[in-house]
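**Q** Structure file input.txt (compact mmCIF, C-alpha atoms) is given on the next line.
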# COMPACT_ATOMS: atom_id res chain seq x y z
CA MET A 151 22.44 50.53 52.32
CA LYS A 152 21.27 48.64 55.43
CA VAL A 153 18.37 47.23 53.49
CA MET A 154 20.76 45.95 50.84
CA THR A 155 23.05 44.25 53.37
CA LYS A 156 20.03 42.66 55.09
CA ALA A 157 18.80 41.32 51.77
CA ILE A 158 22.24 39.87 50.98
CA VAL A 159 22.47 38.23 54.41
CA CYS A 160 18.97 36.78 54.04
CA LEU A 161 19.78 35.43 50.58
CA SER A 162 23.00 33.78 51.74
CA LEU A 163 21.28 32.24 54.80
CA GLY A 164 18.44 30.94 52.67
CA GLY A 165 20.84 29.41 50.16
CA SER A 166 22.87 27.70 52.82
CA ALA A 167 19.69 26.30 54.40
CA LEU A 168 18.63 25.01 51.02
CA PHE A 169 21.88 23.11 50.45
CA ALA A 170 22.26 21.99 54.04
CA ALA A 171 18.81 20.37 54.16
CA PRO A 172 19.24 16.60 54.58
CA LYS A 173 18.19 14.53 51.60
CA PRO A 174 15.65 11.83 52.41
CA LEU A 175 16.62 8.22 51.76
CA MET A 176 15.22 6.50 48.70
CA ASN A 177 13.24 3.35 49.20
CA PRO A 178 15.05 0.54 47.32
CA PHE A 179 11.80 -1.41 46.93
CA ALA A 180 9.87 1.49 45.42
CA GLU A 181 9.69 -0.11 41.97
CA THR A 182 8.19 -3.32 43.24
CA MET A 183 5.42 -1.64 45.16
CA ASN A 184 1.89 -0.89 44.03
CA PRO A 185 1.72 2.63 42.63
CA SER A 186 -1.77 3.12 44.06
CA THR A 187 -0.41 3.12 47.59
CA THR A 188 0.32 6.33 49.35
CA THR A 189 3.21 8.14 47.81
CA THR A 190 4.07 11.60 48.88
CA THR A 191 6.13 13.82 46.71
CA GLN A 192 8.33 16.42 48.21
CA SER A 193 10.62 18.69 46.35
CA LEU A 194 12.70 21.71 46.87
CA PRO A 195 11.97 24.77 44.80
CA THR A 196 14.59 26.06 42.52
CA GLY A 197 13.76 29.67 43.21
CA THR A 198 16.16 31.95 44.93
CA THR A 199 13.92 33.99 47.17
CA THR A 200 14.29 33.48 50.86
CA GLN A 201 10.58 33.20 51.61
CA GLN A 202 10.14 30.12 49.41
CA THR A 203 13.13 28.44 50.99
CA THR A 204 11.85 28.85 54.48
CA THR A 205 8.44 27.44 53.60
CA THR A 206 9.88 24.28 52.07
CA THR A 207 12.29 23.60 54.87
CA THR A 208 9.53 23.79 57.44
CA THR A 209 6.49 21.76 56.45
CA THR A 210 4.79 22.80 53.23
CA PRO A 211 5.65 20.52 50.29
CA THR A 212 5.45 22.06 46.85
CA VAL A 213 5.47 20.19 43.56
CA THR A 214 7.71 21.33 40.74
CA SER A 215 8.03 20.04 37.22
CA SER A 216 11.64 18.86 37.46
CA MET A 217 11.79 15.07 37.78
CA GLN A 218 15.23 14.99 39.33
CA ASP A 219 14.11 16.58 42.53
CA GLN A 220 11.22 14.21 43.13
CA GLN A 221 11.65 11.77 46.00
CA THR A 222 9.36 8.75 46.21
CA TYR A 223 8.29 7.13 49.42
CA ALA A 224 6.65 3.75 49.54
CA PRO A 225 6.16 1.18 52.27
CA LEU A 226 8.47 -1.82 52.40
CA PRO A 227 7.16 -5.10 50.99
CA THR A 228 5.65 -7.44 53.52
CA ALA A 229 6.95 -10.92 54.22
CA GLN A 230 3.79 -12.34 52.67
CA SER A 231 4.34 -10.53 49.37
CA ILE A 232 7.95 -11.75 49.24
CA GLN A 233 6.79 -15.31 49.88
CA GLN A 234 4.19 -15.05 47.11
CA HIS A 235 6.83 -13.74 44.74
CA GLN A 236 9.15 -16.65 45.58
CA GLN A 237 6.35 -19.17 45.06
CA GLN A 238 5.63 -17.74 41.64
CA MET A 239 9.30 -17.92 40.69
CA PRO A 240 10.96 -20.83 42.51
CA VAL A 241 14.70 -20.73 43.03
CA MET A 242 15.22 -24.10 41.42
CA THR A 243 13.24 -26.96 40.01
CA LYS A 244 14.28 -30.50 39.17
CA THR A 245 14.60 -29.65 35.50
CA SER A 246 16.16 -26.21 35.77
CA ILE A 247 19.78 -25.42 35.11
CA THR A 248 21.16 -22.39 36.91
CA ARG A 249 24.25 -20.73 35.52
CA LEU A 250 26.24 -18.51 37.85
CA VAL A 251 28.88 -16.28 36.32
CA VAL A 252 31.17 -14.05 38.36
CA LYS A 253 34.16 -11.94 37.54
CA GLY A 254 36.99 -11.81 40.06
CA GLN A 255 39.65 -9.13 40.09
CA GLY A 256 43.20 -9.30 41.30
CA VAL A 257 46.11 -6.91 41.31
CA ALA A 258 49.75 -7.76 40.78
CA PRO A 259 52.09 -6.86 43.63
CA ALA A 260 54.18 -3.73 43.25
CA PHE A 261 57.52 -5.55 43.15
CA THR A 262 57.67 -8.48 40.76
CA GLN A 263 60.63 -9.90 38.88
CA SER A 264 58.89 -10.26 35.53
CA PRO A 265 55.56 -9.54 33.83
CA ALA A 266 54.87 -13.27 33.80
CA GLN A 267 55.19 -13.43 37.56
CA ALA A 268 52.95 -10.39 37.90
CA PHE A 269 50.33 -12.07 35.73
CA ALA A 270 50.52 -15.33 37.65
CA LEU A 271 50.18 -13.65 41.02
CA ALA A 272 47.38 -11.36 39.87
CA LYS A 273 45.54 -14.34 38.44
CA ARG A 274 45.77 -16.23 41.72
CA ALA A 275 44.31 -13.26 43.54
CA ALA A 276 41.57 -12.91 40.94
CA MET A 277 40.69 -16.58 41.27
CA VAL A 278 40.28 -16.23 45.01
CA ASP A 279 38.10 -13.17 44.49
CA ALA A 280 35.98 -15.00 41.93
CA TYR A 281 35.46 -17.94 44.26
CA ARG A 282 34.53 -15.54 47.00
CA LEU A 283 31.88 -13.98 44.78
CA LEU A 284 30.57 -17.43 43.93
CA GLY A 285 30.45 -18.24 47.63
CA GLU A 286 28.48 -15.07 48.22
CA LYS A 287 25.90 -16.17 45.69
CA ILE A 288 25.65 -19.76 46.84
CA GLN A 289 26.04 -19.62 50.57
CA GLY A 290 25.30 -15.98 51.38
CA VAL A 291 27.09 -13.35 53.41
CA LYS A 292 27.09 -12.86 57.14
CA VAL A 293 27.00 -9.13 57.86
CA GLU A 294 27.69 -7.54 61.21
CA GLY A 295 27.51 -3.79 61.73
CA GLN A 296 28.45 -1.63 64.65
CA ASP A 297 28.05 2.13 65.00
CA LEU A 298 29.19 4.21 67.91
CA ILE A 299 27.29 7.45 68.30
CA LYS A 300 28.37 10.03 70.83
CA ASN A 301 26.77 13.43 71.30
CA MET A 302 24.51 12.82 68.31
CA MET A 303 27.53 12.23 66.05
CA VAL A 304 28.84 9.03 64.54
CA LYS A 305 32.22 8.40 66.12
CA ARG A 306 32.97 4.98 64.69
CA SER A 307 31.23 2.98 62.02
CA GLN A 308 32.28 -0.58 61.31
CA VAL A 309 30.83 -3.27 59.07
CA ARG A 310 32.19 -6.81 59.01
CA THR A 311 31.21 -9.37 56.41
CA GLU A 312 32.07 -13.03 56.29
CA VAL A 313 31.73 -15.66 53.58
CA ASN A 314 32.30 -19.34 54.22
CA ALA A 315 31.52 -21.71 51.37
CA MET A 316 32.57 -24.84 49.56
CA ILE A 317 32.48 -24.87 45.76
CA LYS A 318 32.85 -27.77 43.39
CA GLU A 319 33.32 -27.96 39.64
CA ALA A 320 33.56 -24.27 38.80
CA THR A 321 35.30 -23.53 35.53
CA VAL A 322 37.30 -20.55 34.33
CA THR A 323 35.79 -19.22 31.11
CA GLU A 324 37.79 -16.05 30.50
CA THR A 325 41.00 -14.45 31.71
CA GLU A 326 42.04 -10.90 30.98
CA PHE A 327 45.17 -9.09 32.14
CA LYS A 328 45.52 -5.39 31.53
CA ASP A 329 47.51 -2.68 33.31
CA GLY A 330 48.36 -4.90 36.24
CA LEU A 331 44.74 -5.88 36.82
CA CYS A 332 43.69 -9.45 36.12
CA GLU A 333 40.05 -10.30 35.62
CA VAL A 334 38.93 -13.91 35.73
CA GLU A 335 35.46 -15.01 34.76
CA VAL A 336 34.35 -18.14 36.54
CA GLU A 337 31.23 -20.09 35.71
CA LEU A 338 29.33 -22.56 37.82
CA ILE A 339 26.47 -24.57 36.40
CA VAL A 340 24.05 -25.96 38.94
CA SER A 341 21.87 -28.66 37.46
CA GLY A 342 18.57 -29.17 39.25
CA ALA A 343 18.41 -32.88 38.54
CA ARG A 344 21.88 -33.49 39.89
CA TRP A 345 21.75 -31.36 43.00
CA HIS A 346 18.17 -32.04 44.01
CA ASP A 347 19.05 -34.26 46.94
CA THR A 348 21.78 -31.98 48.24
CA LEU A 349 19.95 -28.69 47.80
CA SER A 350 16.44 -29.94 48.47
CA HIS A 351 15.76 -27.14 50.94
CA SER A 352 15.96 -24.56 48.17
CA PHE A 353 13.61 -26.37 45.79
CA ALA A 354 9.98 -25.50 45.35
CA GLU A 355 7.54 -28.09 46.64
CA MET B 166 56.36 -65.62 27.15
CA ALA B 167 53.06 -63.73 27.24
CA ARG B 168 52.90 -64.18 30.98
CA TYR B 169 56.35 -62.65 31.43
CA THR B 170 55.50 -59.76 29.15
CA PHE B 171 52.32 -59.06 31.11
CA ALA B 172 54.24 -59.15 34.39
CA LEU B 173 56.85 -56.77 32.98
CA ILE B 174 54.20 -54.31 31.80
CA CYS B 175 52.44 -54.46 35.15
CA GLY B 176 55.71 -53.92 36.94
CA ILE B 177 56.59 -50.92 34.82
CA THR B 178 53.14 -49.42 35.34
CA PHE B 179 53.47 -49.92 39.09
CA LEU B 180 56.87 -48.30 39.07
CA TRP B 181 55.81 -45.25 37.10
CA SER B 182 52.44 -44.49 38.64
CA ASP B 183 52.62 -42.72 41.95
CA VAL B 184 50.00 -41.70 44.45
CA PHE B 185 50.41 -38.31 46.06
CA ILE B 186 48.51 -36.27 48.58
CA LEU B 187 48.02 -32.74 47.27
CA SER B 188 46.67 -29.71 49.05
CA TYR B 189 46.73 -26.00 48.30
CA LYS B 190 46.25 -22.84 50.26
CA ALA B 191 46.23 -19.20 49.11
CA GLN B 192 45.71 -16.04 51.10
CA VAL B 193 44.71 -12.78 49.46
CA LYS B 194 44.68 -9.44 51.19
CA ASP B 195 43.28 -6.33 49.52
CA ALA B 196 43.25 -8.00 46.08
CA GLN B 197 46.94 -8.90 46.32
CA ILE B 198 48.20 -12.38 46.98
CA LEU B 199 49.83 -12.65 50.36
CA ASN B 200 50.86 -16.26 50.57
CA GLU B 201 50.29 -19.43 48.63
CA SER B 202 51.51 -22.97 49.00
CA LEU B 203 50.97 -26.15 47.06
CA MET B 204 51.86 -29.09 49.21
CA ALA B 205 52.61 -32.49 47.75
CA SER B 206 53.57 -35.61 49.57
CA LYS B 207 53.81 -39.23 48.56
CA ALA B 208 51.13 -41.42 50.04
CA MET B 209 52.64 -43.44 52.86
CA THR B 210 49.96 -46.09 52.86
CA LYS B 211 48.30 -48.17 50.19
CA VAL B 212 45.27 -46.42 48.76
CA ASP B 213 42.34 -48.55 47.63
CA LYS B 214 40.41 -45.94 45.70
CA THR B 215 39.27 -45.76 42.12
CA PRO B 216 40.80 -43.12 39.84
CA GLN B 217 38.45 -40.57 38.37
CA GLU B 218 38.59 -39.00 34.92
CA PRO B 219 42.26 -38.17 34.21
CA ILE B 220 43.81 -35.16 32.54
CA THR B 221 46.96 -35.22 30.46
CA ILE B 222 49.85 -32.83 30.96
CA TYR B 223 52.41 -32.76 28.18
CA LEU B 224 55.90 -32.60 29.57
CA ASP B 225 57.40 -29.87 27.41
CA LYS B 226 59.48 -28.24 30.14
CA LYS B 227 62.85 -29.50 31.22
CA CYS B 228 61.95 -30.71 34.67
CA THR B 229 62.87 -33.74 36.64
CA LYS B 230 60.26 -36.01 38.12
CA ARG B 231 61.06 -34.59 41.50
CA SER B 232 60.20 -31.05 40.46
CA PHE B 233 57.13 -32.02 38.47
CA PHE B 234 54.64 -30.28 40.78
CA ARG B 235 56.67 -27.09 40.84
CA CYS B 236 57.04 -26.91 37.07
CA TYR B 237 53.45 -27.70 36.18
CA GLU B 238 51.86 -25.94 39.12
CA THR B 239 49.43 -23.95 36.98
CA GLU B 240 48.04 -27.00 35.19
CA ILE B 241 47.78 -29.01 38.39
CA LEU B 242 46.01 -26.17 40.15
CA ALA B 243 43.52 -25.79 37.30
CA PHE B 244 42.80 -29.48 37.72
CA LEU B 245 42.48 -29.28 41.48
CA TYR B 246 40.24 -26.21 41.40
CA LYS B 247 37.52 -28.28 39.75
CA SER B 248 37.45 -30.84 42.50
CA GLN B 249 36.66 -29.01 45.69
CA VAL B 250 37.45 -25.55 46.98
CA LEU B 251 36.86 -24.07 50.40
CA ILE B 252 36.66 -20.29 50.52
CA ARG B 253 36.64 -18.13 53.61
CA SER B 254 36.57 -14.38 53.39
CA PHE B 255 36.55 -11.67 56.02
CA ASP B 256 35.91 -8.08 55.06
CA LYS B 257 36.06 -5.11 57.36
CA THR B 258 34.83 -1.64 56.54
CA LEU B 259 35.91 0.95 59.05
CA GLN B 260 34.91 4.57 58.51
CA LEU B 261 34.03 3.73 54.88
CA GLN B 262 37.48 2.24 54.20
CA ALA B 263 37.38 -1.42 53.27
CA GLN B 264 39.90 -4.16 53.97
CA THR B 265 39.49 -7.64 52.60
CA PHE B 266 41.10 -10.90 53.52
CA SER B 267 40.27 -14.12 51.72
CA GLU B 268 41.62 -17.60 52.16
CA LEU B 269 41.18 -20.34 49.60
CA GLN B 270 41.87 -23.94 50.48
CA ILE B 271 41.88 -27.15 48.53
CA PRO B 272 41.75 -29.87 51.14
CA PRO B 273 44.22 -32.76 50.97
CA GLN B 274 43.24 -35.41 48.47
CA TYR B 275 44.79 -38.43 46.84
CA VAL B 276 46.04 -37.90 43.31
CA GLN B 277 47.45 -40.58 41.07
CA VAL B 278 50.14 -39.46 38.65
CA GLU B 279 51.24 -41.71 35.79
CA PHE B 280 54.53 -40.54 34.36
CA ASN B 281 55.53 -41.20 30.78
CA ASP B 282 58.28 -39.92 28.54
CA THR B 283 56.33 -37.07 26.99
CA PHE B 284 53.23 -36.74 29.11
CA ALA B 285 51.82 -37.39 32.55
CA LYS B 286 48.29 -38.40 33.47
CA ILE B 287 46.75 -37.09 36.65
CA SER B 288 43.56 -38.40 38.18
CA LEU B 289 41.85 -37.98 41.50
CA LEU B 290 41.34 -41.02 43.66
CA LYS B 291 37.94 -41.32 45.28
Rewrite the coordinates I just gave you, this time as structure tokens.

**A**
Amino acid sequence: MKVMTKAIVCLSLGGSALFAAPKPLMNPFAETMNPSTTTTTQSLPTGTTTQQTTTTTTTTPTVTSSMQDQQTYAPLPTAQSIQQHQQQMPVMTKTSITRLVVKGQGVAPAFTQSPAQAFALAKRAAMVDAYRLLGEKIQGVKVEGQDLIKNMMVKRSQVRTEVNAMIKEATVTETEFKDGLCEVEVELIVSGARWHDTLSHSFAE
Amino acid sequence: MARYTFALICGITFLWSDVFILSYKAQVKDAQILNESLMASKAMTKVDKTPQEPITIYLDKKCTKRSFFRCYETEILAFLYKSQVLIRSFDKTLQLQAQTFSELQIPPQYVQVEFNDTFAKISLLK
């Protein structure tokens, strides 16, 4: 009887350790990296015995056939490789035409006098959202993060983003209103020949 | 006779074409519009600027000339959006809960409006 209870306790502890093990972060640049570089594969076994669980949680990595459990590690791309990539594919040339399309979303307020008013207000909000998305693409986003960690625990996590842009000659191509949500598709065509002088810093030499 | 006719036509055109200063501001919080205002004022000084490509608004609503901007706000805004838009947005994510605040501004600019019986022509002055 004691042996049985010990086995049950061991099994439950092992299972909890298996699920509580922190998952490693995936490298977002893994696809762009050279596959010949060092990649280590670590996986957790799907077995239920306690001995296997303890070995994996300590140091020994074991390879299983399931692809879902595989985690890939690869080094981040260097600044030189990014620069080479940008030189191969320049952002804009004098003859290129860049088409930016964004879809902004807006919601109608809860209390409106008529469906027409709800549509108008939701469309205004969607337009602002669409212009914001265009501003993100053109000018970029300023991101500021702040984390407060106390006693090895995150007490407060805050991220602030800011967009500040000026946009000219964007056109609305599509408007859709459904279930109180308005979606507006806005298009901006940036002609290389026209904007060369203004945006010369982003042109390839 | 031709001279008088020309003077009359010029006079009528002068009477019916007005120059306004238009500006627009909209504030959106959490994907809902918070506040918006389209401001129109007659130009107090003479404007020596050339009109750009005009658009035509057909006057199918029963509005007076005074309430023209209020009645045809949507069309006028669609016209103004193409000219120049300033967008400022501040997002805050606290404990994985996001709050957004965006402000869209169309800076004040001179707009010439030519009123007719059935339509009005609007053009930017630059």

**Q** Just how far from atom CA of B:Arg253 is atom CA of A:Val291, in Å to one decimal?

**A** 10.7 Å

**Q** Contacts from chain A to chain B, 9 Å maximum, only C-alpha atoms: show me the residue list as an NGL selection string.

**A** :A and (255-259 or 270-272 or 274-276 or 278-279 or 281-282 or 285 or 305-322)

**Q** Excluding same-chain residues fewer than 5 positions from B:Thr210, what lies within 12 Å of it counting only C-alpha atoms, as a list in words?

**A**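 The neighbour list is Asp183, Val184, Phe185, Ile186 and Tyr275 of chain B.
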
**Q** Enter the distance from atom CA of B:Ser206 to atom CA of B:Val276, in Å, rounded to one decimal.

**A** 10.1 Å

**Q** Rounded to one decimal in Å, what is the spacing between atom CA of B:Phe233 and atom CA of A:Thr262?

**A**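 Spanning atom CA of B:Phe233 to atom CA of A:Thr262 is a straight-line distance of 23.7 Å.
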
**Q** Which residues are close to B:Pro219, i.e. within 9 Å by all atoms listed in the file, leaving aside same-chain residues fewer than 3 positions away? Reply as a tab-separated table (two decimals) with C-alpha atoms, keeping the file's coordinate frame.

**A**
chain	number	residue	atom	x	y	z
B	216	PRO	CA	40.80	-43.12	39.84
B	277	GLN	CA	47.45	-40.58	41.07
B	286	LYS	CA	48.29	-38.40	33.47
B	287	ILE	CA	46.75	-37.09	36.65
B	288	SER	CA	43.56	-38.40	38.18
B	289	LEU	CA	41.85	-37.98	41.50

**Q** Fewer than 3 positions away in the same chain doesn't count, so skip those; otherwise give me all residues within 8 Å of A:Val252, counting all atoms listed in the file, as a ChimeraX atom specification.

**A** /A:280,283-284,335-337

**Q** Using all atoms of stretch 266-276 of chain B that appear in the file, construct an axis-aligned enclosing box with 8 Å of padding on every side and provide its centre coordinates and edge lengths in Å, rounded to one decimal, as JSON.

**A**
{"center_x": 43.2, "center_y": -24.7, "center_z": 48.4, "size_x": 21.8, "size_y": 43.5, "size_z": 26.2}

**Q** With all atoms listed in the file as the basis for distance, which of B:Leu203, B:Gln274, B:Thr221, B:Met209 is at the shortest distance from B:Arg235?

**A** B:Leu203

**Q** Give me the residues within 7 Å of B:Lys291 as an mmCIF file with C-alpha atoms, in the coordinates of the input, counting all atoms listed in the file and dropping any in the same chain fewer than 3 places off.

**A**
data_model
loop_
_atom_site.group_PDB
_atom_site.id
_atom_site.type_symbol
_atom_site.label_atom_id
_atom_site.label_comp_id
_atom_site.auth_asym_id
_atom_site.auth_seq_id
_atom_site.Cartn_x
_atom_site.Cartn_y
_atom_site.Cartn_z
ATOM 1 C CA LYS B 214 40.410 -45.940 45.700
ATOM 2 C CA THR B 215 39.270 -45.760 42.120
ATOM 3 C CA PRO B 216 40.800 -43.120 39.840
ATOM 4 C CA GLN B 217 38.450 -40.570 38.370
#

**Q** Rank A:Val304, A:Leu331, A:Val251, A:Ile299 by their smallest atom-to-atom distance to A:Ala268, using all atoms listed in the file, and report the top residue only.

**A** A:Leu331

**Q** Please tell me which residues are no farther than 10 Å from (26.0, -27.2, 37.9) in the file, counting only C-alpha atoms, and write them as a PyMOL selection string.

**A** chain A and resi 247-250+318-320+337-345

**Q** Selection from above, C-alpha atoms, as a tab-separated table (two decimals), in the frame of the given file, can you write it?

**A**
chain	number	residue	atom	x	y	z
A	247	ILE	CA	19.78	-25.42	35.11
A	248	THR	CA	21.16	-22.39	36.91
A	249	ARG	CA	24.25	-20.73	35.52
A	250	LEU	CA	26.24	-18.51	37.85
A	318	LYS	CA	32.85	-27.77	43.39
A	319	GLU	CA	33.32	-27.96	39.64
A	320	ALA	CA	33.56	-24.27	38.80
A	337	GLU	CA	31.23	-20.09	35.71
A	338	LEU	CA	29.33	-22.56	37.82
A	339	ILE	CA	26.47	-24.57	36.40
A	340	VAL	CA	24.05	-25.96	38.94
A	341	SER	CA	21.87	-28.66	37.46
A	342	GLY	CA	18.57	-29.17	39.25
A	343	ALA	CA	18.41	-32.88	38.54
A	344	ARG	CA	21.88	-33.49	39.89
A	345	TRP	CA	21.75	-31.36	43.00
